[in-house]
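Structure, as structure tokens:
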Amino acid sequence: MKKDIQISYEHFKNSSELSDIEKKLFETAKQARENAYAPYSNFLVGCAVLLENGEIYSGNNQENAAYPSGLCAERTTLFWVAANFPDVKVKKIFVVGGPKEFHEKNPPIPPCGACRQSLIEYETKQSENIDLYFSSMNDEVVKVHSIKDLLPFYFDSSFL
């Protein structure tokens with residue numbers, strides 16, 4: 001099987017290029033990052049989610065001494081939103097992450113593989129793309145217009 005993969009994304013070198021709602025999501029995710037519980041990795045991640053009703057919710061990564069028992073910011077936030085608003089579509093997700101000791105040269109931090117798989121589940125469930133933004137604490141931001149752009153060979157319920 002040969003498939004040409006086209007990834008659609010935007011790259012913002014400065015947050016001033018973002019819309020007002022995107023800036024609000026960026027700031028909300030940065031603030032959520034500050035409350036992350038990451039005493040083992042010292043890698044803090046915050047996430048902000050915009051729902052179709054205009055509400056914004058946030059979360060962060062939560063570690064555990066038994067490493068597999070922790071949870072990433074994206075899944076912490078998305079699972080809480082889905083449990084409390086099961087029929088409300090997710091429009092945008094903004095992720096801000098990086099080492100506790102931030103350095104200006106930290107690149108934008110994309111979601112891990114487990115988070116990508118969880119995100120694609122919700123995008124598939126709602127039959128509508130989710131805009132995903134990721135950044136470090138600097139002003140550099142990457143935006144993809146669908147989780148499929150981060151996980152082109154995704155696994156979903158159609159395989160079951």
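Following the order of the structure tokens, first chain is A, next is B, and so on, with residues numbered from 1 inside each chain and ligands from 1 in the order they appear.
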> Skipping near chain neighbours, those fewer than 4 positions away, what residues fall within 9 Å of stretch 46-50 of chain A using only C-alpha atoms, listed as a VMD selection string?
Replying inline: chain A and resid 21 25 to 36 54 to 61 72 to 74 76 to 78 81 89 to 97
Output for the residues just chosen: N, CA, C and O atoms as a compact mmCIF listing (two decimals), in the first residue's frame:
```txt
# COMPACT_ATOMS: atom_id res chain seq x y z
N ILE A 21 -9.87 34.28 20.17
CA ILE A 21 -10.22 33.04 20.86
C ILE A 21 -9.02 32.12 20.96
O ILE A 21 -8.82 31.44 21.97
N LEU A 25 -7.34 30.63 24.38
CA LEU A 25 -7.03 29.22 24.59
C LEU A 25 -5.56 29.03 24.96
O LEU A 25 -5.23 28.24 25.84
N PHE A 26 -4.68 29.75 24.29
CA PHE A 26 -3.24 29.69 24.57
C PHE A 26 -2.97 30.08 26.01
O PHE A 26 -2.30 29.37 26.76
N GLU A 27 -3.53 31.20 26.44
CA GLU A 27 -3.32 31.67 27.81
C GLU A 27 -3.94 30.71 28.84
O GLU A 27 -3.35 30.47 29.90
N THR A 28 -5.10 30.14 28.53
CA THR A 28 -5.75 29.20 29.43
C THR A 28 -4.90 27.93 29.57
O THR A 28 -4.73 27.41 30.68
N ALA A 29 -4.37 27.44 28.46
CA ALA A 29 -3.51 26.25 28.51
C ALA A 29 -2.22 26.53 29.26
O ALA A 29 -1.74 25.69 30.04
N LYS A 30 -1.64 27.72 29.05
CA LYS A 30 -0.42 28.09 29.79
C LYS A 30 -0.69 28.13 31.29
O LYS A 30 0.11 27.65 32.08
N GLN A 31 -1.82 28.69 31.67
CA GLN A 31 -2.18 28.77 33.08
C GLN A 31 -2.42 27.37 33.66
O GLN A 31 -1.98 27.06 34.77
N ALA A 32 -3.11 26.51 32.91
CA ALA A 32 -3.35 25.14 33.37
C ALA A 32 -2.03 24.39 33.55
O ALA A 32 -1.89 23.59 34.48
N ARG A 33 -1.07 24.65 32.68
CA ARG A 33 0.25 24.02 32.77
C ARG A 33 0.90 24.29 34.12
O ARG A 33 1.56 23.43 34.69
N GLU A 34 0.70 25.48 34.64
CA GLU A 34 1.31 25.85 35.91
C GLU A 34 0.83 24.98 37.07
O GLU A 34 1.52 24.85 38.08
N ASN A 35 -0.36 24.39 36.94
CA ASN A 35 -0.91 23.55 38.01
C ASN A 35 -0.69 22.06 37.77
O ASN A 35 -1.24 21.23 38.50
N ALA A 36 0.10 21.70 36.75
CA ALA A 36 0.36 20.29 36.47
C ALA A 36 1.08 19.65 37.65
O ALA A 36 1.85 20.30 38.37
N GLY A 54 -19.20 27.47 23.16
CA GLY A 54 -18.38 28.61 23.53
C GLY A 54 -17.66 28.47 24.86
O GLY A 54 -16.83 29.32 25.21
N GLU A 55 -17.97 27.42 25.61
CA GLU A 55 -17.32 27.20 26.90
C GLU A 55 -15.88 26.71 26.70
O GLU A 55 -15.59 25.97 25.76
N ILE A 56 -14.99 27.11 27.62
CA ILE A 56 -13.59 26.67 27.60
C ILE A 56 -13.31 25.94 28.90
O ILE A 56 -13.64 26.44 29.99
N TYR A 57 -12.69 24.77 28.79
CA TYR A 57 -12.29 23.99 29.97
C TYR A 57 -10.83 23.63 29.82
O TYR A 57 -10.31 23.52 28.71
N SER A 58 -10.17 23.43 30.96
CA SER A 58 -8.74 23.14 30.91
C SER A 58 -8.38 22.01 31.86
O SER A 58 -9.14 21.66 32.76
N GLY A 59 -7.19 21.47 31.63
CA GLY A 59 -6.64 20.42 32.48
C GLY A 59 -5.14 20.38 32.29
O GLY A 59 -4.57 21.15 31.52
N ASN A 60 -4.51 19.46 32.99
CA ASN A 60 -3.06 19.34 32.92
C ASN A 60 -2.63 17.91 33.20
O ASN A 60 -3.44 17.08 33.58
N ASN A 61 -1.35 17.64 32.98
CA ASN A 61 -0.86 16.28 33.22
C ASN A 61 -0.76 16.00 34.71
O ASN A 61 -0.50 16.89 35.52
N CYS A 72 -1.85 12.17 30.75
CA CYS A 72 -1.47 13.38 30.03
C CYS A 72 -2.55 14.45 30.12
O CYS A 72 -3.72 14.16 30.35
N ALA A 73 -2.15 15.69 29.88
CA ALA A 73 -3.07 16.83 29.95
C ALA A 73 -4.22 16.71 28.95
O ALA A 73 -5.36 17.01 29.27
N GLU A 74 -3.90 16.26 27.74
CA GLU A 74 -4.92 16.18 26.70
C GLU A 74 -6.03 15.21 27.10
O GLU A 74 -7.22 15.51 26.99
N THR A 76 -6.64 14.01 30.21
CA THR A 76 -7.29 14.48 31.44
C THR A 76 -8.42 15.45 31.09
O THR A 76 -9.55 15.32 31.56
N THR A 77 -8.12 16.39 30.23
CA THR A 77 -9.09 17.42 29.85
C THR A 77 -10.22 16.85 28.99
O THR A 77 -11.40 17.07 29.28
N LEU A 78 -9.86 16.12 27.96
CA LEU A 78 -10.86 15.58 27.04
C LEU A 78 -11.81 14.60 27.72
O LEU A 78 -13.01 14.64 27.50
N VAL A 81 -14.24 16.58 29.89
CA VAL A 81 -15.22 17.27 29.05
C VAL A 81 -16.24 16.27 28.51
O VAL A 81 -17.45 16.51 28.56
N LYS A 89 -19.93 19.14 20.92
CA LYS A 89 -18.75 18.94 20.08
C LYS A 89 -17.56 19.78 20.54
O LYS A 89 -17.73 20.89 21.03
N VAL A 90 -16.39 19.22 20.36
CA VAL A 90 -15.13 19.91 20.63
C VAL A 90 -14.72 20.63 19.35
O VAL A 90 -14.64 20.01 18.29
N LYS A 91 -14.47 21.92 19.44
CA LYS A 91 -14.09 22.70 18.27
C LYS A 91 -12.57 22.88 18.16
O LYS A 91 -12.01 22.76 17.09
N LYS A 92 -11.95 23.21 19.30
CA LYS A 92 -10.52 23.50 19.29
C LYS A 92 -9.88 22.96 20.57
O LYS A 92 -10.50 22.98 21.63
N ILE A 93 -8.64 22.50 20.43
CA ILE A 93 -7.85 22.05 21.57
C ILE A 93 -6.50 22.75 21.47
O ILE A 93 -5.86 22.75 20.41
N PHE A 94 -6.05 23.32 22.58
CA PHE A 94 -4.76 24.00 22.62
C PHE A 94 -3.91 23.34 23.69
O PHE A 94 -4.34 23.20 24.83
N VAL A 95 -2.70 22.91 23.33
CA VAL A 95 -1.79 22.22 24.23
C VAL A 95 -0.51 23.04 24.36
O VAL A 95 0.08 23.43 23.35
N VAL A 96 -0.09 23.28 25.60
CA VAL A 96 1.17 23.99 25.87
C VAL A 96 1.98 23.11 26.81
O VAL A 96 1.50 22.74 27.88
N GLY A 97 3.18 22.76 26.39
CA GLY A 97 3.99 21.88 27.23
C GLY A 97 5.46 22.15 27.13
O GLY A 97 5.92 22.88 26.25
```
> Quick one: DSSP strand (DSSP E or B) residues in stretch 9-46 of chain A, as number ranges by chain?
Replying inline: A: 9-12, 37, 43-46
> So how far away is atom CA of A:Ser41 from atom CA of A:Tyr154, in Å?
Replying inline: 28.0 Å
> Taking into account only C-alpha atoms, which residue in the set A:Ile147, A:Ala38, A:Gln117, A:Phe79 is nearest to A:Gln62?
Replying inline: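 Under the stated criterion, the closest residue is A:Ala38.
With distances restricted to only C-alpha atoms, A:Leu150 is the closest residue to A:Ile120 from A:Ala65, A:Leu150, A:Val45, A:Val141.
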List every residue of stretch 59-155 of chain A that has an atom at most 12 Å from any atom of stretch 16-20 of chain A, giving for each one its closest atom pair and the distance in Å to one decimal, counting only C-alpha atoms, sorted by chain and then by ascending residue number, as a Markdown table.
```
| residue | atom | partner | partner_atom | distance |
| --- | --- | --- | --- | --- |
| A:Phe94 | CA | A:Leu18 | CA | 11.9 |
| A:Tyr133 | CA | A:Leu18 | CA | 10.6 |
| A:Asn138 | CA | A:Ser16 | CA | 11.7 |
| A:Asp139 | CA | A:Ser16 | CA | 8.1 |
| A:Glu140 | CA | A:Glu17 | CA | 10.0 |
| A:Val141 | CA | A:Leu18 | CA | 9.0 |
| A:Val142 | CA | A:Leu18 | CA | 10.7 |
| A:Lys143 | CA | A:Leu18 | CA | 10.3 |
```
What does the file look like for those residues with N, CA, C and O atoms, as an mmCIF file, in the first residue's frame?
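selection_15.cif was written with the following content:
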```cif
data_model
loop_
_atom_site.group_PDB
_atom_site.id
_atom_site.type_symbol
_atom_site.label_atom_id
_atom_site.label_comp_id
_atom_site.auth_asym_id
_atom_site.auth_seq_id
_atom_site.Cartn_x
_atom_site.Cartn_y
_atom_site.Cartn_z
ATOM 1 N N PHE A 94 -6.055 23.324 22.582
ATOM 2 C CA PHE A 94 -4.759 24.005 22.623
ATOM 3 C C PHE A 94 -3.907 23.338 23.694
ATOM 4 O O PHE A 94 -4.345 23.200 24.832
ATOM 5 N N TYR A 133 -3.965 22.884 18.313
ATOM 6 C CA TYR A 133 -2.827 23.800 18.381
ATOM 7 C C TYR A 133 -1.860 23.242 19.408
ATOM 8 O O TYR A 133 -2.278 22.777 20.467
ATOM 9 N N ASN A 138 6.857 29.512 24.612
ATOM 10 C CA ASN A 138 7.157 30.674 23.780
ATOM 11 C C ASN A 138 5.986 30.958 22.857
ATOM 12 O O ASN A 138 4.943 30.330 22.952
ATOM 13 N N ASP A 139 6.134 31.868 21.958
ATOM 14 C CA ASP A 139 5.028 32.297 21.104
ATOM 15 C C ASP A 139 4.871 31.458 19.837
ATOM 16 O O ASP A 139 3.985 31.714 19.037
ATOM 17 N N GLU A 140 5.725 30.468 19.629
ATOM 18 C CA GLU A 140 5.648 29.646 18.422
ATOM 19 C C GLU A 140 4.525 28.618 18.566
ATOM 20 O O GLU A 140 4.465 27.882 19.545
ATOM 21 N N VAL A 141 3.635 28.567 17.576
ATOM 22 C CA VAL A 141 2.460 27.696 17.637
ATOM 23 C C VAL A 141 2.306 26.953 16.311
ATOM 24 O O VAL A 141 2.496 27.532 15.245
ATOM 25 N N VAL A 142 1.937 25.680 16.404
ATOM 26 C CA VAL A 142 1.594 24.887 15.230
ATOM 27 C C VAL A 142 0.114 24.536 15.335
ATOM 28 O O VAL A 142 -0.369 24.186 16.406
ATOM 29 N N LYS A 143 -0.598 24.639 14.218
ATOM 30 C CA LYS A 143 -2.019 24.307 14.175
ATOM 31 C C LYS A 143 -2.256 23.278 13.079
ATOM 32 O O LYS A 143 -1.821 23.461 11.950
#
```
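For the atom pair formed by atom CA of A:Ile5 and atom CA of A:Asn106, the distance is 26.8 Å, given to one decimal.
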> Using only C-alpha atoms, which of A:Pro108, A:Asp87, A:Pro68, A:Phe12 sits nearest A:Leu51?
Replying inline: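 Closest residue, counting only C-alpha atoms: A:Asp87.
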> At what distance in Å, to one decimal, does atom CA of A:Glu123 lie from atom CA of A:Phe85?
Replying inline: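 For atom CA of A:Phe85 relative to atom CA of A:Glu123, the distance reads 14.6 Å.
Between A:Pro99 and the residues A:Ser69, A:Phe134, A:Tyr40, A:Lys24, the shortest atom-to-atom distance, using only C-alpha atoms, involves A:Tyr40.
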>> Ranking A:Pro110, A:Glu104, A:Ser146, A:Phe153 by minimum distance to A:Tyr122 and counting only C-alpha atoms, which one comes first?
In response: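 When distances to A:Tyr122 are compared using only C-alpha atoms, the smallest one comes from A:Ser146.
Distances to A:Glu121 were evaluated for A:Ile7, A:Ile109, A:Met137, A:Ala82 using only C-alpha atoms, and the minimum falls at A:Ala82.
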